[in-house]
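Everything below concerns the one structure shown next.
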Amino acid sequence: MTRTILFLMSDTGGGHRAACEAIAEAVHHLYPGQFRTIIEDIWTHRTPWPINRLPKTYPWLTGPGLPVWKAMWACSSRLPLHRLVPPLLAPLLANRMVAFLAQVRPDVVVSAHPLMNHLTIRWLRRAGMTCPLVTVITDMVAVHPLWVCPDVSLCLTPTDEARQTALHYGLPPDRVVVCGQPVRLGFSRPAADRETLRQRLGFQAGKPLVLLVGGGEGFGPLDKIARGLNRCTGIQMAVVCGRNQALKARLDAARWDIPVRIFGFVHNMPELMTAADLLVTKAGPGMLAEAFIAGTPVLIYGFIPGQETDNVHYVLRHRAGLYVDTPEAIAAQVQALFRPGNPTLAEMAGNAARLARPNASLEIARQICALAPPVPAEGDDVLRRLQRGMRSRLRSFARRVAVR
Ligand code: UDP
């Protein structure tokens, strides 16, 4: 009998889904055939209009609307305003969520989004379910208070800094474990070495490859940075635009003096990252953790204020990368890094490797699966199904009575 792990996330950026996919991959790797994993963007698929449109505002909020995002994050994390969110939203969405939970019947629920902790606890209670809820915090250092719900069974954090914040917001120490950032297994088990992968992916042999990525949404002035890098000599470049189709169209139409390949949303980031000599990126926790594991040095060009500001300090403090924020300075820095005899790239790669937690997904998967109920013996299984059927009939009877 398989048990069900339900992951709740939202497609805001690429990190929440990537984290859930990495954990699900690790679950199936460790316990083949024992678990069913479901990854659900409940905001988009399970809430009514206009709430279901909110995730679509994220690219605007982290693009032209960045000052609005900065103000929202600062106010909601410092003032107790965030405490209003669960009691306001939970009843509004309860009927649909309870119906969804009853349909999935999870054995464990995993929240990989700050808005799904306090709310999910309420919905589980309302559905009469007692299954464990595990929070997997996907922000590397700065943790918004909405991530932290003292009623969850377990909270897994990427760094010790994040753990300290979780404790500060009231989680009991025995329920917070540092496991690392969940990252797909392909980053720690590359399909081939750097040069072979480069050729397999169609890049030129023997020429340094710079990989430019702005997270899942193509954040920041990627077109200006790419045009700046176009003036460097002796390099080739891959630009990943993520879901930013307008950016991809602009870059596709541009003329290039160096070998350049432009991608939309890619599904082979482990290969691209391993093939690259340098990652030029925003300070997204997913991309940084992946680069640490792949041994690819990073040059950070920007960050989303709030959840990513401290990531820059974290990387600089550990000398695992550099931060340069104008297209001209980025091009000059890249040129300098590839100058023969410059040891900086190798030093940064070494320091980054010390931050890498290649087994994070496996560790997280073990923690989550340990909370799932044991597989029942054959007779128990029939009994359990009968009990579930009885419970659900009783609940729907109680609801009908309550409506009358
Ligand atoms: N990603 C991907 N394909 C793309 C762009 C990004 O798979 O075309 C993945 C990337 O490997 C990483 C995540 O999306 O796992 C980005 O997460 P991060 O936390 O760095 O930034 P976010 O997009 O969440 O702001």
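Just remember, in the structure tokens the first chain shown is A, the second B, etc., residues are 1-based per chain, and ligands are 1-based in the order shown.
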- Message: Show me which residues are within 8 Å of ligand 1 counting only C-alpha atoms and all ligand atoms, and format the list as JSON, numbers by chain.
- Response: {"A": [12, 13, 14, 15, 16, 17, 18, 19, 138, 139, 183, 184, 213, 214, 215, 216, 217, 218, 219, 240, 241, 242, 243, 263, 264, 265, 266, 267, 268, 269, 270, 282, 283, 284, 285, 286, 287, 288, 290, 304]}
Nearby residues (only C-alpha atoms) at most 9 Å from Arg175 in chain A, same-chain spacing under 6 positions excluded, as a short mmCIF file (atom, residue, chain, number, x, y, z; two decimals) with C-alpha atoms, in the first residue's frame:
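Contents of around-v4.cif, as written:
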data_model
loop_
_atom_site.label_atom_id
_atom_site.label_comp_id
_atom_site.auth_asym_id
_atom_site.auth_seq_id
_atom_site.Cartn_x
_atom_site.Cartn_y
_atom_site.Cartn_z
CA PRO A 150 4.45 26.58 16.11
CA VAL A 152 3.52 22.12 12.72
CA SER A 153 5.02 18.70 13.44
CA LEU A 154 8.41 19.62 12.05
CA CYS A 155 10.17 22.57 10.42
CA LEU A 156 13.19 21.94 8.18
#
- Residue set, range 26-173 of chain A restricted to alpha helix (DSSP H), as a ChimeraX atom specification: /A:26-30,42-46,58-61,66-78,85-104,118-126,160-168
- Excluding Pro64 in chain A and residues on its chain fewer than 4 positions from it, collect all residues at most 12 Å away from it, counting only C-alpha atoms, and give them as JSON, numbers by chain. {"A": [57, 58, 59, 60, 68, 69, 70, 219, 220, 221, 304]}
Produce a file of the selected residues containing N, CA and C atoms, as an mmCIF file, in the first residue's frame.
data_model
loop_
_atom_site.group_PDB
_atom_site.id
_atom_site.type_symbol
_atom_site.label_atom_id
_atom_site.label_comp_id
_atom_site.auth_asym_id
_atom_site.auth_seq_id
_atom_site.Cartn_x
_atom_site.Cartn_y
_atom_site.Cartn_z
ATOM 1 N N THR A 57 0.755 37.962 -10.161
ATOM 2 C CA THR A 57 1.280 39.312 -9.943
ATOM 3 C C THR A 57 2.750 39.275 -9.491
ATOM 4 N N TYR A 58 3.244 38.068 -9.176
ATOM 5 C CA TYR A 58 4.605 37.974 -8.620
ATOM 6 C C TYR A 58 5.678 38.486 -9.596
ATOM 7 N N PRO A 59 5.615 38.115 -10.895
ATOM 8 C CA PRO A 59 6.644 38.651 -11.806
ATOM 9 C C PRO A 59 6.621 40.180 -11.855
ATOM 10 N N TRP A 60 5.413 40.773 -11.771
ATOM 11 C CA TRP A 60 5.351 42.237 -11.759
ATOM 12 C C TRP A 60 5.927 42.774 -10.440
ATOM 13 N N VAL A 68 7.133 48.184 -4.370
ATOM 14 C CA VAL A 68 5.904 47.749 -3.679
ATOM 15 C C VAL A 68 6.200 46.473 -2.886
ATOM 16 N N TRP A 69 6.886 45.520 -3.549
ATOM 17 C CA TRP A 69 7.239 44.263 -2.885
ATOM 18 C C TRP A 69 8.091 44.528 -1.639
ATOM 19 N N LYS A 70 9.092 45.423 -1.820
ATOM 20 C CA LYS A 70 10.008 45.729 -0.718
ATOM 21 C C LYS A 70 9.214 46.264 0.485
ATOM 22 N N PHE A 219 14.412 37.394 -13.577
ATOM 23 C CA PHE A 219 14.420 38.633 -12.788
ATOM 24 C C PHE A 219 15.588 39.542 -13.168
ATOM 25 N N GLY A 220 15.341 40.851 -13.158
ATOM 26 C CA GLY A 220 16.428 41.836 -13.263
ATOM 27 C C GLY A 220 16.764 42.208 -14.698
ATOM 28 N N PRO A 221 17.794 43.068 -14.853
ATOM 29 C CA PRO A 221 18.128 43.573 -16.203
ATOM 30 C C PRO A 221 18.973 42.573 -16.993
ATOM 31 N N ILE A 304 16.053 39.826 -4.664
ATOM 32 C CA ILE A 304 14.709 40.305 -4.342
ATOM 33 C C ILE A 304 14.773 40.832 -2.908
#
- Query: Closest to Asn95 in chain A among A:Thr47, A:Gln245, A:Thr159, A:Asn359, using only C-alpha atoms?
  - Reply: A:Thr47
Write out, as JSON lines, each residue of range 54-159 of chain A that has an atom at most 10 Å from range 363-374 of chain A, together with the closest pair of atoms and their distance in Å to one decimal, counting only C-alpha atoms, rows going by chain and rising number.
{"residue": "A:Pro106", "atom": "CA", "partner": "A:Ala372", "partner_atom": "CA", "distance": 9.4}
{"residue": "A:Asp107", "atom": "CA", "partner": "A:Ala372", "partner_atom": "CA", "distance": 5.8}
{"residue": "A:Val108", "atom": "CA", "partner": "A:Ala372", "partner_atom": "CA", "distance": 5.9}
{"residue": "A:Val109", "atom": "CA", "partner": "A:Ile368", "partner_atom": "CA", "distance": 8.9}
{"residue": "A:Val110", "atom": "CA", "partner": "A:Ile368", "partner_atom": "CA", "distance": 8.0}
{"residue": "A:Cys131", "atom": "CA", "partner": "A:Ala372", "partner_atom": "CA", "distance": 8.1}
{"residue": "A:Pro132", "atom": "CA", "partner": "A:Leu371", "partner_atom": "CA", "distance": 6.8}
{"residue": "A:Leu133", "atom": "CA", "partner": "A:Ile368", "partner_atom": "CA", "distance": 9.1}
{"residue": "A:Val134", "atom": "CA", "partner": "A:Ile368", "partner_atom": "CA", "distance": 7.1}
{"residue": "A:Thr135", "atom": "CA", "partner": "A:Ile368", "partner_atom": "CA", "distance": 9.7}
{"residue": "A:Val136", "atom": "CA", "partner": "A:Ile364", "partner_atom": "CA", "distance": 8.3}
{"residue": "A:Ser153", "atom": "CA", "partner": "A:Leu371", "partner_atom": "CA", "distance": 8.6}
{"residue": "A:Leu154", "atom": "CA", "partner": "A:Ile368", "partner_atom": "CA", "distance": 8.5}
{"residue": "A:Cys155", "atom": "CA", "partner": "A:Gln367", "partner_atom": "CA", "distance": 9.9}
{"residue": "A:Leu156", "atom": "CA", "partner": "A:Ile364", "partner_atom": "CA", "distance": 7.3}
{"residue": "A:Thr157", "atom": "CA", "partner": "A:Ile364", "partner_atom": "CA", "distance": 9.4}
Output N, CA, C and O atoms for every residue in the selection just made, as a PDB file, in the first residue's frame.
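Output contents, as saved in out_11.pdb:
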ATOM      1  N   PRO A 106      -4.153  12.895   2.363  1.00  0.00           N
ATOM      2  CA  PRO A 106      -2.695  12.773   2.552  1.00  0.00           C
ATOM      3  C   PRO A 106      -2.342  12.077   3.859  1.00  0.00           C
ATOM      4  O   PRO A 106      -3.086  12.179   4.833  1.00  0.00           O
ATOM      5  N   ASP A 107      -1.184  11.394   3.842  1.00  0.00           N
ATOM      6  CA  ASP A 107      -0.654  10.835   5.080  1.00  0.00           C
ATOM      7  C   ASP A 107       0.297  11.827   5.740  1.00  0.00           C
ATOM      8  O   ASP A 107       0.477  11.803   6.955  1.00  0.00           O
ATOM      9  N   VAL A 108       0.942  12.661   4.905  1.00  0.00           N
ATOM     10  CA  VAL A 108       1.763  13.760   5.407  1.00  0.00           C
ATOM     11  C   VAL A 108       1.544  14.947   4.465  1.00  0.00           C
ATOM     12  O   VAL A 108       1.458  14.751   3.249  1.00  0.00           O
ATOM     13  N   VAL A 109       1.449  16.150   5.023  1.00  0.00           N
ATOM     14  CA  VAL A 109       1.376  17.349   4.173  1.00  0.00           C
ATOM     15  C   VAL A 109       2.671  18.126   4.370  1.00  0.00           C
ATOM     16  O   VAL A 109       3.157  18.268   5.493  1.00  0.00           O
ATOM     17  N   VAL A 110       3.246  18.590   3.242  1.00  0.00           N
ATOM     18  CA  VAL A 110       4.474  19.383   3.297  1.00  0.00           C
ATOM     19  C   VAL A 110       4.159  20.770   2.753  1.00  0.00           C
ATOM     20  O   VAL A 110       3.615  20.902   1.650  1.00  0.00           O
ATOM     21  N   CYS A 131      -3.134  14.247  10.255  1.00  0.00           N
ATOM     22  CA  CYS A 131      -1.836  13.904   9.663  1.00  0.00           C
ATOM     23  C   CYS A 131      -0.809  15.011   9.934  1.00  0.00           C
ATOM     24  O   CYS A 131      -1.170  16.171  10.125  1.00  0.00           O
ATOM     25  N   PRO A 132       0.496  14.655   9.965  1.00  0.00           N
ATOM     26  CA  PRO A 132       1.528  15.653  10.262  1.00  0.00           C
ATOM     27  C   PRO A 132       1.645  16.699   9.153  1.00  0.00           C
ATOM     28  O   PRO A 132       1.430  16.389   7.978  1.00  0.00           O
ATOM     29  N   LEU A 133       1.974  17.924   9.564  1.00  0.00           N
ATOM     30  CA  LEU A 133       2.280  18.986   8.601  1.00  0.00           C
ATOM     31  C   LEU A 133       3.742  19.366   8.816  1.00  0.00           C
ATOM     32  O   LEU A 133       4.150  19.691   9.938  1.00  0.00           O
ATOM     33  N   VAL A 134       4.520  19.304   7.730  1.00  0.00           N
ATOM     34  CA  VAL A 134       5.948  19.640   7.801  1.00  0.00           C
ATOM     35  C   VAL A 134       6.196  20.899   6.979  1.00  0.00           C
ATOM     36  O   VAL A 134       5.774  20.979   5.826  1.00  0.00           O
ATOM     37  N   THR A 135       6.880  21.882   7.584  1.00  0.00           N
ATOM     38  CA  THR A 135       7.265  23.069   6.818  1.00  0.00           C
ATOM     39  C   THR A 135       8.686  22.886   6.319  1.00  0.00           C
ATOM     40  O   THR A 135       9.577  22.560   7.104  1.00  0.00           O
ATOM     41  N   VAL A 136       8.866  23.079   5.006  1.00  0.00           N
ATOM     42  CA  VAL A 136      10.229  23.107   4.460  1.00  0.00           C
ATOM     43  C   VAL A 136      10.496  24.544   4.031  1.00  0.00           C
ATOM     44  O   VAL A 136       9.957  25.007   3.028  1.00  0.00           O
ATOM     45  N   SER A 153       4.331  19.831  12.805  1.00  0.00           N
ATOM     46  CA  SER A 153       5.017  18.697  13.438  1.00  0.00           C
ATOM     47  C   SER A 153       6.521  18.877  13.371  1.00  0.00           C
ATOM     48  O   SER A 153       7.252  18.435  14.260  1.00  0.00           O
ATOM     49  N   LEU A 154       6.982  19.507  12.272  1.00  0.00           N
ATOM     50  CA  LEU A 154       8.413  19.622  12.053  1.00  0.00           C
ATOM     51  C   LEU A 154       8.663  20.791  11.112  1.00  0.00           C
ATOM     52  O   LEU A 154       7.843  21.066  10.222  1.00  0.00           O
ATOM     53  N   CYS A 155       9.803  21.480  11.320  1.00  0.00           N
ATOM     54  CA  CYS A 155      10.168  22.567  10.418  1.00  0.00           C
ATOM     55  C   CYS A 155      11.613  22.324  10.001  1.00  0.00           C
ATOM     56  O   CYS A 155      12.492  22.192  10.859  1.00  0.00           O
ATOM     57  N   LEU A 156      11.847  22.237   8.686  1.00  0.00           N
ATOM     58  CA  LEU A 156      13.187  21.941   8.180  1.00  0.00           C
ATOM     59  C   LEU A 156      13.745  23.198   7.522  1.00  0.00           C
ATOM     60  O   LEU A 156      13.070  23.819   6.695  1.00  0.00           O
ATOM     61  N   THR A 157      14.968  23.573   7.912  1.00  0.00           N
ATOM     62  CA  THR A 157      15.515  24.840   7.418  1.00  0.00           C
ATOM     63  C   THR A 157      16.793  24.590   6.609  1.00  0.00           C
ATOM     64  O   THR A 157      17.487  23.594   6.822  1.00  0.00           O
TER      65      THR A 157
END
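Atom pair CA of Phe292 in chain A / CA of Val315 in chain A: separated by 10.1 Å.
Nearest to Leu362 in chain A of all the residues A:Leu89, A:Val143, A:Ala238, A:Cys179 is A:Cys179, based on only C-alpha atoms.
Among the candidates A:Leu222, A:Leu171, A:Leu8, A:Ile51, the one nearest to Pro114 in chain A when counting only C-alpha atoms is A:Leu8.
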